[in-house]
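Student: Got run_35.csv for you, CSV, C-alpha atoms:
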chain,number,residue,atom,x,y,z
V,154,MET,CA,51.5,105.5,47.0
V,155,LYS,CA,48.7,107.6,45.6
V,156,TRP,CA,49.6,111.0,46.7
V,157,HIS,CA,48.5,113.7,44.2
V,158,ILE,CA,51.6,115.8,44.9
V,159,LEU,CA,54.0,113.1,43.8
V,160,ARG,CA,52.9,113.1,40.1
V,161,PRO,CA,54.0,116.7,39.3
V,162,LEU,CA,57.0,116.2,41.5
V,163,TRP,CA,58.2,113.3,39.3
V,164,VAL,CA,57.6,115.5,36.2
V,165,ALA,CA,59.6,118.3,37.7
V,166,ILE,CA,62.5,116.0,38.7
V,167,GLY,CA,62.4,114.4,35.3
V,168,LEU,CA,62.6,117.8,33.6
V,169,VAL,CA,65.5,118.9,35.6
V,170,GLY,CA,67.2,115.6,35.1
V,171,SER,CA,66.8,115.7,31.3
V,172,ILE,CA,68.1,119.3,31.2
V,173,LEU,CA,71.2,118.2,33.1
V,174,VAL,CA,71.7,115.2,30.8
V,175,ALA,CA,71.2,117.4,27.7
V,176,GLN,CA,73.7,119.9,29.1
V,177,GLN,CA,76.4,117.2,29.1
V,178,PHE,CA,76.0,116.8,25.3
V,179,LEU,CA,75.4,120.5,24.3
V,180,VAL,CA,78.0,122.3,26.4
V,181,PRO,CA,81.5,122.0,25.0
V,182,ASP,CA,84.0,120.0,27.1
V,183,ASP,CA,86.3,123.0,27.7
V,184,PHE,CA,83.5,125.1,29.2
V,185,GLY,CA,84.3,125.9,32.8
V,186,VAL,CA,86.1,128.2,35.2
V,187,HIS,CA,89.4,129.1,33.6
V,188,GLY,CA,89.9,132.6,35.0
V,189,ARG,CA,90.3,133.7,38.6
V,190,ASN,CA,86.8,132.8,39.7
V,191,PHE,CA,83.3,131.9,38.5
V,192,THR,CA,82.2,135.5,38.2
V,193,TYR,CA,84.9,136.5,35.7
V,194,GLY,CA,86.3,133.3,34.4
V,195,TYR,CA,83.5,131.0,33.4
V,196,HIS,CA,83.8,130.5,29.7
V,197,ARG,CA,84.8,128.3,26.7
V,198,LEU,CA,88.6,127.9,26.9
V,199,SER,CA,89.1,127.5,23.1
V,200,ASN,CA,87.6,130.9,22.5
V,201,ILE,CA,90.9,132.5,23.6
V,202,GLN,CA,92.8,130.8,20.8
V,203,GLU,CA,90.1,131.7,18.4
V,204,TRP,CA,90.7,135.4,19.1
V,205,LYS,CA,94.5,135.0,18.9
V,206,ASP,CA,94.0,133.6,15.4
V,207,PHE,CA,92.0,136.6,14.2
V,208,PRO,CA,93.6,137.8,11.0
V,209,VAL,CA,96.0,140.8,11.2
V,210,LYS,CA,95.4,143.5,8.6
V,211,TYR,CA,97.9,146.3,9.5
V,212,ARG,CA,101.4,144.8,9.2
V,213,GLY,CA,103.4,148.0,9.8
V,214,ARG,CA,106.4,149.5,7.9
V,215,GLU,CA,108.6,146.6,8.9
V,216,SER,CA,106.7,144.6,6.4
V,217,CYS,CA,106.7,147.4,3.8
V,218,VAL,CA,110.5,147.9,3.9
V,219,GLU,CA,111.2,144.4,2.7
V,220,CYS,CA,110.3,145.5,-0.9
V,221,HIS,CA,109.9,149.3,-0.7
V,222,GLU,CA,113.1,150.1,1.0
V,223,GLU,CA,113.7,153.4,-0.9
V,224,ASN,CA,110.4,154.9,0.0
V,225,VAL,CA,110.5,153.8,3.6
V,226,LEU,CA,114.0,155.2,4.1
V,227,LYS,CA,113.0,158.5,2.5
V,228,LEU,CA,109.9,158.7,4.8
V,229,ASN,CA,112.0,157.8,7.9
V,230,ALA,CA,114.3,160.7,7.1
V,231,SER,CA,111.5,163.2,6.7
V,232,THR,CA,109.3,165.1,9.1
V,233,HIS,CA,106.6,162.6,8.2
V,234,ALA,CA,108.6,159.8,9.8
V,235,PRO,CA,106.1,159.1,12.6
V,236,VAL,CA,103.3,158.5,10.0
V,237,GLU,CA,102.7,154.9,9.2
V,238,CYS,CA,102.7,153.8,5.5
V,239,GLU,CA,99.3,152.2,6.0
V,240,ASN,CA,97.7,155.4,7.1
V,241,CYS,CA,97.6,156.5,3.5
V,242,HIS,CA,98.1,153.3,1.6
V,243,GLY,CA,95.5,151.3,3.5
V,244,PRO,CA,95.9,148.0,5.4
V,245,SER,CA,98.3,145.7,3.5
V,246,VAL,CA,96.5,142.5,4.7
V,247,ASN,CA,98.2,139.9,2.4
V,248,HIS,CA,99.7,142.3,-0.1
V,249,PRO,CA,101.3,141.4,-2.5
V,250,ASP,CA,99.9,137.8,-2.5
V,251,ASP,CA,96.2,138.6,-2.5
V,252,LYS,CA,96.1,142.3,-3.4
V,253,GLU,CA,98.6,143.3,-6.0
V,254,PHE,CA,97.8,147.0,-5.6
V,255,LEU,CA,96.9,148.8,-2.4
V,256,PRO,CA,94.3,151.6,-2.9
V,257,LEU,CA,96.3,154.9,-2.2
V,258,ASP,CA,94.3,157.6,-0.5
V,259,THR,CA,95.3,160.9,-2.0
V,260,THR,CA,92.3,163.0,-0.9
V,261,ARG,CA,92.6,166.4,0.7
V,262,GLU,CA,90.5,165.1,3.6
V,263,LEU,CA,93.3,162.6,4.6
V,264,CYS,CA,95.9,165.4,4.9
V,265,LEU,CA,93.4,167.7,6.6
V,266,ARG,CA,92.9,165.2,9.4
V,267,CYS,CA,96.1,166.7,10.9
V,268,HIS,CA,96.7,169.8,8.8
V,269,ALA,CA,93.3,171.6,8.9
V,270,PHE,CA,93.7,174.7,11.0
V,271,LEU,CA,91.9,174.7,14.3
V,272,GLU,CA,92.6,177.6,16.6
V,273,TYR,CA,92.9,175.5,19.8
V,274,PRO,CA,95.2,177.0,22.4
V,275,ASN,CA,97.3,174.5,24.5
V,276,SER,CA,96.4,171.7,22.1
V,277,ALA,CA,99.0,169.6,20.2
V,278,ARG,CA,96.9,170.3,17.1
V,279,GLY,CA,97.8,174.0,17.3
V,280,GLU,CA,101.5,173.1,17.0
V,281,LEU,CA,101.1,171.3,13.7
V,282,LEU,CA,101.7,173.1,10.4
V,283,SER,CA,98.2,173.8,9.2
V,284,VAL,CA,96.2,175.5,6.5
V,285,GLU,CA,92.7,177.0,6.4
V,286,ASP,CA,90.9,174.6,4.2
V,287,ARG,CA,88.7,177.4,2.7
V,288,ARG,CA,91.6,179.6,1.8
V,289,HIS,CA,94.4,177.2,0.5
V,290,LYS,CA,94.1,176.0,-3.1
V,291,ARG,CA,90.7,174.5,-2.4
V,292,ARG,CA,90.3,172.7,-5.7
V,293,TYR,CA,93.5,170.7,-5.6
V,294,GLU,CA,94.7,167.6,-3.9
V,295,CYS,CA,97.6,168.4,-1.5
V,296,VAL,CA,99.8,165.7,-3.1
V,297,LYS,CA,99.7,167.7,-6.4
V,298,CYS,CA,102.3,170.1,-4.9
V,299,HIS,CA,103.5,168.4,-1.7
V,300,ASN,CA,105.4,165.1,-1.5
V,301,PRO,CA,104.0,163.2,1.5
V,302,HIS,CA,107.1,161.0,1.7
V,303,ASP,CA,109.2,164.2,2.2
V,304,PRO,CA,106.9,167.2,2.9
V,305,GLN,CA,109.8,169.6,3.2
V,306,GLU,CA,111.0,168.9,-0.3
V,307,ASP,CA,110.6,172.0,-2.5
V,308,VAL,CA,107.0,172.6,-3.3
V,309,GLU,CA,106.4,172.4,-7.0
V,310,GLU,CA,105.0,175.7,-8.0
V,311,GLU,CA,101.9,175.3,-10.1
V,312,ASP,CA,100.0,178.2,-11.5
V,313,SER,CA,98.2,179.8,-8.5
V,314,GLU,CA,94.4,179.8,-8.6
R,254,MET,CA,54.0,96.0,49.9
R,255,THR,CA,52.4,95.6,46.5
R,256,CYS,CA,53.9,97.1,43.4
R,257,SER,CA,51.9,97.5,40.3
R,258,ARG,CA,53.4,97.3,36.8
R,259,ARG,CA,52.6,101.0,36.4
R,260,ASP,CA,54.4,102.0,39.7
R,261,PHE,CA,57.4,99.8,38.8
R,262,LEU,CA,57.8,101.5,35.4
R,263,LYS,CA,57.5,105.0,36.9
R,264,ASP,CA,60.1,104.3,39.6
R,265,THR,CA,62.4,102.7,37.1
R,266,VAL,CA,62.3,105.7,34.7
R,267,GLY,CA,62.6,108.2,37.6
R,268,GLY,CA,65.4,106.3,39.3
R,269,SER,CA,67.4,105.9,36.1
R,270,LEU,CA,67.1,109.7,35.4
R,271,VAL,CA,68.3,110.6,38.8
R,272,SER,CA,71.2,108.2,38.6
R,273,ALA,CA,72.1,109.7,35.3
R,274,LEU,CA,72.7,113.0,36.9
R,275,PRO,CA,76.4,113.6,36.4
R,276,LEU,CA,78.3,114.3,39.5
R,277,SER,CA,80.1,117.1,37.8
R,278,ALA,CA,76.9,119.1,37.7
R,279,PHE,CA,77.2,119.6,41.4
R,280,THR,CA,81.0,120.2,41.8
R,281,LEU,CA,81.9,123.4,43.5
R,282,ILE,CA,84.7,125.6,42.2
R,283,SER,CA,87.9,125.7,44.1
R,284,GLN,CA,88.6,129.5,44.4
R,285,ALA,CA,92.2,128.8,45.6
R,286,GLU,CA,92.9,126.7,42.5
R,287,ALA,CA,91.6,129.4,40.1
R,288,ALA,CA,93.5,132.2,42.0
R,289,ALA,CA,96.7,130.2,41.7
R,290,ALA,CA,96.3,129.9,38.0
R,291,LEU,CA,95.8,133.6,37.6
R,292,SER,CA,98.9,134.6,39.6
R,293,GLU,CA,101.0,132.5,37.3
R,294,SER,CA,100.3,134.9,34.4
R,295,LYS,CA,103.3,137.1,33.5
R,296,THR,CA,101.2,139.6,31.7
R,297,ARG,CA,98.6,142.2,32.7
R,298,TRP,CA,97.8,144.4,29.8
R,299,ALA,CA,97.1,148.1,30.3
R,300,PHE,CA,96.9,151.1,28.1
R,301,LEU,CA,98.3,154.6,28.4
R,302,VAL,CA,96.6,157.6,26.6
R,303,ASP,CA,98.4,160.9,26.5
R,304,THR,CA,95.6,163.4,25.8
R,305,THR,CA,98.2,166.2,25.5
R,306,LYS,CA,99.6,164.6,22.4
R,307,CYS,CA,96.4,163.7,20.6
R,308,VAL,CA,95.6,166.0,17.6
R,309,GLY,CA,92.3,164.4,16.7
R,310,CYS,CA,93.3,163.0,13.3
R,311,GLY,CA,91.1,159.9,13.9
R,312,LEU,CA,93.5,157.5,12.1
R,313,CYS,CA,93.3,155.2,15.2
R,314,VAL,CA,89.6,154.9,14.7
R,315,LYS,CA,90.0,154.2,11.0
R,316,ALA,CA,92.7,151.6,11.6
R,317,CYS,CA,90.6,149.9,14.4
R,318,LYS,CA,87.6,149.6,12.2
R,319,ASN,CA,89.6,148.1,9.3
R,320,GLU,CA,91.7,145.8,11.6
R,321,ASN,CA,88.7,144.4,13.5
R,322,GLU,CA,86.2,144.2,10.7
R,323,ILE,CA,83.8,146.6,12.2
R,324,PRO,CA,81.3,147.8,9.4
R,325,TYR,CA,83.0,151.1,8.3
R,326,ASP,CA,79.9,153.2,7.8
R,327,ALA,CA,77.9,151.9,10.7
R,328,ALA,CA,77.6,154.2,13.7
R,329,VAL,CA,79.5,151.7,16.0
R,330,THR,CA,83.1,151.6,16.8
R,331,ARG,CA,85.5,149.9,19.3
R,332,THR,CA,87.4,153.1,19.9
R,333,TRP,CA,86.6,156.7,19.4
R,334,VAL,CA,88.0,160.2,19.9
R,335,GLU,CA,86.0,163.0,21.6
R,336,ARG,CA,86.6,166.7,21.1
R,337,TYR,CA,86.2,169.0,24.0
R,338,VAL,CA,86.1,172.8,23.6
R,339,VAL,CA,85.7,174.8,26.8
R,340,THR,CA,84.9,178.5,26.4
R,341,LYS,CA,86.0,181.3,28.6
R,342,GLY,CA,82.4,181.6,29.8
R,343,GLY,CA,82.7,178.1,31.2
R,344,SER,CA,80.5,176.2,28.8
R,345,THR,CA,81.7,172.9,27.3
R,346,HIS,CA,81.1,171.7,23.8
R,347,ILE,CA,81.7,168.0,23.1
R,348,ASP,CA,81.4,166.1,19.8
R,349,SER,CA,82.6,162.9,18.2
R,350,PRO,CA,81.1,162.7,14.7
R,351,MET,CA,81.3,159.0,13.6
R,352,GLY,CA,83.5,158.4,16.6
R,353,GLY,CA,86.1,160.7,15.0
R,354,ARG,CA,86.7,158.3,12.2
R,355,ASP,CA,87.3,161.0,9.7
R,356,GLY,CA,89.2,163.3,12.0
R,357,PHE,CA,88.2,166.8,13.1
R,358,ILE,CA,88.5,169.1,10.1
R,359,ASP,CA,85.7,171.6,10.8
R,360,ASP,CA,85.8,174.0,13.7
R,361,LYS,CA,82.0,173.9,14.0
R,362,ILE,CA,80.8,171.6,16.8
R,363,ARG,CA,77.3,170.1,16.3
R,364,ASP,CA,76.7,172.8,13.7
R,365,GLU,CA,77.5,175.5,16.2
R,366,GLU,CA,80.1,178.1,15.4
R,367,ILE,CA,82.4,178.9,18.3
R,368,ASP,CA,84.3,182.2,18.4
R,369,PRO,CA,88.0,181.3,18.5
R,370,GLU,CA,88.6,184.3,20.7
R,371,ASP,CA,86.2,182.8,23.3
R,372,ILE,CA,88.0,179.4,23.5
R,373,ALA,CA,89.8,178.8,26.8
R,374,LYS,CA,91.0,175.3,26.1
R,375,ALA,CA,90.4,172.6,23.6
R,376,PHE,CA,91.6,169.0,23.5
R,377,PHE,CA,90.9,165.5,22.2
R,378,VAL,CA,90.3,162.4,24.3
R,379,PRO,CA,90.6,158.9,22.8
R,380,LYS,CA,88.5,156.3,24.4
R,381,LEU,CA,88.4,152.5,24.3
R,382,CYS,CA,87.7,149.5,26.5
R,383,ASN,CA,89.2,149.9,30.0
R,384,GLN,CA,89.8,146.1,30.4
R,385,CYS,CA,88.6,146.6,34.1
R,386,ASP,CA,89.8,144.4,36.9
R,387,ASN,CA,86.2,144.2,38.1
R,388,PRO,CA,84.3,144.3,34.8
R,389,ALA,CA,80.6,145.0,35.3
R,390,CYS,CA,79.9,143.7,31.8
R,391,VAL,CA,81.2,140.2,32.6
R,392,GLN,CA,79.3,140.0,35.9
R,393,VAL,CA,75.9,140.4,34.1
R,394,CYS,CA,76.4,138.0,31.2
R,395,PRO,CA,73.8,135.3,31.7
R,396,VAL,CA,75.5,132.7,29.5
R,397,GLY,CA,79.2,132.9,30.2
R,398,ALA,CA,79.9,134.4,26.8
R,399,THR,CA,82.2,137.2,28.1
R,400,TYR,CA,85.0,136.7,30.4
R,401,GLN,CA,88.4,137.9,31.6
R,402,THR,CA,91.6,136.2,30.4
R,403,HIS,CA,94.6,135.6,32.6
R,404,ASP,CA,96.3,138.6,31.1
R,405,GLY,CA,93.4,141.0,32.0
R,406,ILE,CA,91.7,141.3,28.7
R,407,VAL,CA,87.9,141.0,28.6
R,408,LEU,CA,86.8,138.9,25.6
R,409,ILE,CA,83.5,138.0,24.0
R,410,ASP,CA,82.8,134.5,22.7
R,411,ARG,CA,80.9,135.2,19.5
R,412,GLU,CA,79.7,131.6,19.3
R,413,TRP,CA,78.2,131.7,22.8
R,414,CYS,CA,76.8,135.2,22.9
R,415,ILE,CA,73.0,135.3,22.6
R,416,GLY,CA,72.9,139.1,21.9
R,417,CYS,CA,70.8,139.9,24.9
R,418,GLY,CA,72.5,143.3,25.4
R,419,TYR,CA,72.9,143.2,29.3
R,420,CYS,CA,76.6,143.8,29.0
R,421,ILE,CA,76.0,146.8,26.7
R,422,MET,CA,73.8,148.3,29.4
R,423,ALA,CA,76.2,147.4,32.2
R,424,CYS,CA,79.4,149.0,31.0
R,425,PRO,CA,79.7,152.4,32.7
R,426,TYR,CA,82.0,153.6,29.9
R,427,GLY,CA,79.7,152.8,27.0
R,428,VAL,CA,82.4,150.9,25.1
R,429,ARG,CA,80.2,147.9,24.2
R,430,PHE,CA,77.9,147.8,21.2
R,431,PHE,CA,75.8,145.4,19.2
R,432,HIS,CA,77.8,144.2,16.1
R,433,PRO,CA,75.4,144.7,13.2
R,434,GLU,CA,76.8,141.8,11.2
R,435,GLU,CA,77.9,139.3,13.7
R,436,LYS,CA,74.7,139.9,15.8
R,437,VAL,CA,76.6,139.7,19.0
R,438,ALA,CA,78.0,142.2,21.6
R,439,ASP,CA,81.3,143.6,20.6
R,440,LYS,CA,84.0,145.8,22.1
R,441,CYS,CA,87.7,146.7,22.0
R,442,ASN,CA,90.0,143.9,23.2
R,443,PHE,CA,93.3,145.8,22.8
R,444,CYS,CA,93.7,143.9,19.5
R,445,TYR,CA,94.1,140.6,21.4
R,446,HIS,CA,95.3,138.8,18.2
R,447,ARG,CA,98.1,141.4,17.8
R,448,ILE,CA,99.3,141.8,21.4
R,449,SER,CA,99.4,138.1,21.9
R,450,ASN,CA,101.7,137.8,18.9
R,451,GLY,CA,104.1,140.5,19.8
R,452,MET,CA,102.6,143.4,17.8
R,453,ASP,CA,101.1,146.6,19.0
R,454,PRO,CA,97.3,147.2,18.7
R,455,ALA,CA,96.3,148.7,15.4
R,456,CYS,CA,95.4,152.1,17.0
R,457,VAL,CA,98.8,152.3,18.7
R,458,GLU,CA,100.7,151.4,15.6
R,459,ASN,CA,98.8,153.9,13.5
R,460,CYS,CA,99.0,156.8,16.0
R,461,SER,CA,101.7,159.1,14.7
R,462,PHE,CA,101.9,161.2,17.8
R,463,GLY,CA,102.5,158.6,20.6
R,464,ALA,CA,99.2,159.5,22.2
R,465,ARG,CA,98.3,155.8,22.5
R,466,ARG,CA,100.6,153.2,24.1
R,467,ILE,CA,100.2,149.6,25.3
R,468,ALA,CA,101.9,148.4,28.5
R,469,ASN,CA,102.4,145.1,30.4
R,470,LEU,CA,102.1,146.0,34.1
R,471,LYS,CA,103.7,142.8,35.3
R,472,ASP,CA,106.9,143.5,33.3
R,473,PRO,CA,109.2,145.6,35.6
R,474,ASP,CA,111.2,146.7,32.5
R,475,ASP,CA,108.3,147.8,30.4
R,476,PRO,CA,108.9,151.6,29.6
R,477,VAL,CA,105.2,152.4,29.3
R,478,ALA,CA,104.3,150.5,32.5
R,479,ASN,CA,107.0,152.5,34.2
R,480,ILE,CA,105.3,155.7,33.1
R,481,ILE,CA,102.0,154.4,34.6
R,482,ARG,CA,103.8,153.5,37.8
R,483,THR,CA,105.9,156.6,38.3
R,484,GLU,CA,104.0,159.5,36.7
R,485,ARG,CA,100.7,161.1,37.7
R,486,VAL,CA,98.0,159.3,35.7
R,487,SER,CA,94.3,159.1,36.2
R,488,VAL,CA,91.4,156.8,35.1
R,489,LEU,CA,87.9,157.4,34.0
R,490,LYS,CA,85.0,157.0,36.4
R,491,ASP,CA,87.1,155.7,39.3
R,492,GLU,CA,84.1,155.9,41.6
R,493,TYR,CA,82.4,152.9,40.0
R,494,GLY,CA,85.0,150.6,41.5
R,495,THR,CA,85.6,148.8,38.2
R,496,LYS,CA,89.4,149.3,38.4
R,497,PRO,CA,89.9,150.4,34.8
R,498,HIS,CA,93.2,149.7,33.1
R,499,VAL,CA,93.3,152.5,30.6
R,500,PHE,CA,95.4,155.3,32.2
R,501,TYR,CA,95.3,158.9,31.0
R,502,ILE,CA,97.8,161.7,31.1
R,503,GLY,CA,96.4,165.2,31.1
R,504,LEU,CA,92.8,164.2,31.8
R,505,ASP,CA,90.5,167.3,32.3
R,506,ALA,CA,87.8,167.4,34.9
R,507,GLU,CA,85.3,168.1,32.0
R,508,VAL,CA,85.9,164.6,30.6
R,509,ARG,CA,83.3,162.1,31.7
Can the structure in the file be given as structure tokens, please?
Tutor:
Amino acid sequence: MKWHILRPLWVAIGLVGSILVAQQFLVPDDFGVHGRNFTYGYHRLSNIQEWKDFPVKYRGRESCVECHEENVLKLNASTHAPVECENCHGPSVNHPDDKEFLPLDTTRELCLRCHAFLEYPNSARGELLSVEDRRHKRRYECVKCHNPHDPQEDVEEEDSE
Amino acid sequence: MTCSRRDFLKDTVGGSLVSALPLSAFTLISQAEAAAALSESKTRWAFLVDTTKCVGCGLCVKACKNENEIPYDAAVTRTWVERYVVTKGGSTHIDSPMGGRDGFIDDKIRDEEIDPEDIAKAFFVPKLCNQCDNPACVQVCPVGATYQTHDGIVLIDREWCIGCGYCIMACPYGVRFFHPEEKVADKCNFCYHRISNGMDPACVENCSFGARRIANLKDPDDPVANIIRTERVSVLKDEYGTKPHVFYIGLDAEVR
């Protein structure tokens, strides 16, 4: 058996064989077809659980109300009821265990996200109460006069500009 | 027949390698078996976006970036909001600065002043992953790092992804991006960790206007699924045949 083609053939077969053997050790056991077919469902099964275990940051007002009932009830009764606590107070994550205080965003820019005047006909934005940023007490934070937990509460009249 | 020591050794090594080939390397996949497993699922997640309700506050984008640990100041995001302003002359102005993360406060679009008198219509369109039934991004993955779950969500295995970027190019909606810290492909997964545990996605929870809602299409009593079933909704880029599962109310022809 001295055929010159056989030698590279053995090398090639050996290579393929060793790759297949290595695959057995390197590919996790749960790697396979788990979805509806090979095209869409060929993956590592345990990755699904890894994604399900991703940490939650925004816990919602149901979590806030456990301690801050007064504020949540006040908010719920106001025109700002649809606004989530964490929109302004930031994601609670593990508050109060990890973070004792949540950083409160009191900037004008936060309020202007909804309340900056844009003259857009047929847009929901046009229906919101809005101010022209340039013309309305530019130097002040909105919360200085308006209570975000109850925006229709009487506006505290400060000295006008 | 003579057999030299050299030939004997060669044949022994070759033969043992071939016999070591695991049979499982050649098993074929039973399509029927996999299809049966899929039909057992009682969930098919879908999303409903009401563009008539969106005011462009961008709090969904902010919440998404915080919830999913996407670098806040990097120009990548899992969901974004586009602003469309159509003038009476018929020209369309579109922008989405930082994906709408900070909302739309200025009436200038790409530094261009638009005369309010000239505006025919203006609206905001939130966008996110469409969790397609035929996801092009999954088809092109060379390593099996992205896949579709039984409940219709397309996930990315961060340990398995090699960051080649084929999926980013393949998505017709441009929802995939390269995660600058994880160094893998990334995209919206409807907050899979939240919806799997009975919560709403972060963008849905933080939308004050009900412009974003999540639905389970396989639940006959799901109110949002019933809106998708009974009202006139549309999808983006239907012509690609990807069968997207983000449905839109009030989608304008200008939206691409």
Student: Counting all atoms listed in the file, which residues in chain V sit no more than 7 Å from chain R? For each one, give the nearest pair of atoms and the distance in Å, sorted by chain then residue number, as CSV.
Tutor:
residue,atom,partner,partner_atom,distance
V:Trp163,CA,R:Gly267,CA,6.9
V:Gly167,CA,R:Gly267,CA,6.6
V:Gly170,CA,R:Leu270,CA,5.9
V:Leu173,CA,R:Leu274,CA,6.6
V:Val174,CA,R:Leu274,CA,6.6
V:His187,CA,R:Ala287,CA,6.9
V:Gly188,CA,R:His403,CA,6.1
V:Arg189,CA,R:Ala287,CA,4.7
V:Asn190,CA,R:Ala287,CA,5.9
V:Thr192,CA,R:Gln392,CA,5.8
V:Tyr193,CA,R:Tyr400,CA,5.3
V:Gly194,CA,R:Tyr400,CA,5.4
V:Tyr195,CA,R:Gly397,CA,5.7
V:His196,CA,R:Gly397,CA,5.2
V:Asn200,CA,R:Asp410,CA,6.0
V:Trp204,CA,R:His446,CA,5.8
V:Lys205,CA,R:His446,CA,3.9
V:Asp206,CA,R:His446,CA,6.0
V:Phe207,CA,R:His446,CA,5.6
V:Val209,CA,R:Glu320,CA,6.6
V:Lys210,CA,R:Glu320,CA,5.3
V:Tyr211,CA,R:Glu320,CA,6.6
V:Pro235,CA,R:Ser461,CA,4.9
V:Val236,CA,R:Ser461,CA,5.0
V:Glu237,CA,R:Asn459,CA,5.9
V:Asn240,CA,R:Asn459,CA,6.7
V:Leu265,CA,R:Ile358,CA,6.2
V:Arg266,CA,R:Cys310,CA,4.5
V:Cys267,CA,R:Cys310,CA,5.2
V:Ala269,CA,R:Ile358,CA,5.5
V:Leu271,CA,R:Asp360,CA,6.2
V:Glu272,CA,R:Pro369,CA,6.2
V:Tyr273,CA,R:Ala375,CA,5.4
V:Pro274,CA,R:Lys374,CA,5.8
V:Asn275,CA,R:Lys374,CA,6.5
V:Ser276,CA,R:Phe376,CA,5.7
V:Ala277,CA,R:Lys306,CA,5.5
V:Arg278,CA,R:Val308,CA,4.5
Student: Let's have the selection written as a PDB file, in the frame of the given file, with C-alpha atoms.
Tutor:
ATOM      1  CA  TRP V 163      58.200 113.300  39.300  1.00  0.00           C
ATOM      2  CA  GLY V 167      62.400 114.400  35.300  1.00  0.00           C
ATOM      3  CA  GLY V 170      67.200 115.600  35.100  1.00  0.00           C
ATOM      4  CA  LEU V 173      71.200 118.200  33.100  1.00  0.00           C
ATOM      5  CA  VAL V 174      71.700 115.200  30.800  1.00  0.00           C
ATOM      6  CA  HIS V 187      89.400 129.100  33.600  1.00  0.00           C
ATOM      7  CA  GLY V 188      89.900 132.600  35.000  1.00  0.00           C
ATOM      8  CA  ARG V 189      90.300 133.700  38.600  1.00  0.00           C
ATOM      9  CA  ASN V 190      86.800 132.800  39.700  1.00  0.00           C
ATOM     10  CA  THR V 192      82.200 135.500  38.200  1.00  0.00           C
ATOM     11  CA  TYR V 193      84.900 136.500  35.700  1.00  0.00           C
ATOM     12  CA  GLY V 194      86.300 133.300  34.400  1.00  0.00           C
ATOM     13  CA  TYR V 195      83.500 131.000  33.400  1.00  0.00           C
ATOM     14  CA  HIS V 196      83.800 130.500  29.700  1.00  0.00           C
ATOM     15  CA  ASN V 200      87.600 130.900  22.500  1.00  0.00           C
ATOM     16  CA  TRP V 204      90.700 135.400  19.100  1.00  0.00           C
ATOM     17  CA  LYS V 205      94.500 135.000  18.900  1.00  0.00           C
ATOM     18  CA  ASP V 206      94.000 133.600  15.400  1.00  0.00           C
ATOM     19  CA  PHE V 207      92.000 136.600  14.200  1.00  0.00           C
ATOM     20  CA  VAL V 209      96.000 140.800  11.200  1.00  0.00           C
ATOM     21  CA  LYS V 210      95.400 143.500   8.600  1.00  0.00           C
ATOM     22  CA  TYR V 211      97.900 146.300   9.500  1.00  0.00           C
ATOM     23  CA  PRO V 235     106.100 159.100  12.600  1.00  0.00           C
ATOM     24  CA  VAL V 236     103.300 158.500  10.000  1.00  0.00           C
ATOM     25  CA  GLU V 237     102.700 154.900   9.200  1.00  0.00           C
ATOM     26  CA  ASN V 240      97.700 155.400   7.100  1.00  0.00           C
ATOM     27  CA  LEU V 265      93.400 167.700   6.600  1.00  0.00           C
ATOM     28  CA  ARG V 266      92.900 165.200   9.400  1.00  0.00           C
ATOM     29  CA  CYS V 267      96.100 166.700  10.900  1.00  0.00           C
ATOM     30  CA  ALA V 269      93.300 171.600   8.900  1.00  0.00           C
ATOM     31  CA  LEU V 271      91.900 174.700  14.300  1.00  0.00           C
ATOM     32  CA  GLU V 272      92.600 177.600  16.600  1.00  0.00           C
ATOM     33  CA  TYR V 273      92.900 175.500  19.800  1.00  0.00           C
ATOM     34  CA  PRO V 274      95.200 177.000  22.400  1.00  0.00           C
ATOM     35  CA  ASN V 275      97.300 174.500  24.500  1.00  0.00           C
ATOM     36  CA  SER V 276      96.400 171.700  22.100  1.00  0.00           C
ATOM     37  CA  ALA V 277      99.000 169.600  20.200  1.00  0.00           C
ATOM     38  CA  ARG V 278      96.900 170.300  17.100  1.00  0.00           C
TER      39      ARG V 278
END
Student: For a test of reading the model, state the distance in Å between CA of Val302 in chain R and CA of Phe431 in chain R, rounded to one decimal.
Tutor: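 Between CA of Val302 in chain R and CA of Phe431 in chain R the gap is 25.2 Å.
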Student: With distances taken over only C-alpha atoms, which of V:Ile166, V:Ala234, V:Leu281, V:Cys241 is nearest to Val296 in chain V?
Tutor: V:Cys241
Student: Using CA of Phe254 in chain V and CA of Gly451 in chain R as the two end points, give the distance in Å to one decimal.
Tutor: 27.0 Å
Student: Pick out the residues sitting within 8 Å of Glu294 in chain V, and hand them over as an MDAnalysis selection string; count all atoms listed in the file, and ignore anything fewer than 6 positions along from it in its own chain.
Tutor: chainID V and resid 259:261
Student: Would you fill the gaps in range 156-160 of chain V so it has N, CA and C atoms, then print it as a tab-separated table (two decimals), in the frame of the given file?
Tutor:
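Generated output (selection.tsv):
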chain	number	residue	atom	x	y	z
V	156	TRP	N	49.64	109.69	46.14
V	156	TRP	CA	49.60	111.00	46.70
V	156	TRP	C	49.65	111.99	45.51
V	157	HIS	N	48.66	112.90	45.42
V	157	HIS	CA	48.50	113.70	44.20
V	157	HIS	C	49.72	114.65	44.00
V	158	ILE	N	50.48	114.92	45.06
V	158	ILE	CA	51.60	115.80	44.90
V	158	ILE	C	52.77	115.14	44.17
V	159	LEU	N	52.83	113.82	44.33
V	159	LEU	CA	54.00	113.10	43.80
V	159	LEU	C	54.06	113.19	42.26
V	160	ARG	N	52.92	113.17	41.60
V	160	ARG	CA	52.90	113.10	40.10
V	160	ARG	C	53.64	114.34	39.53
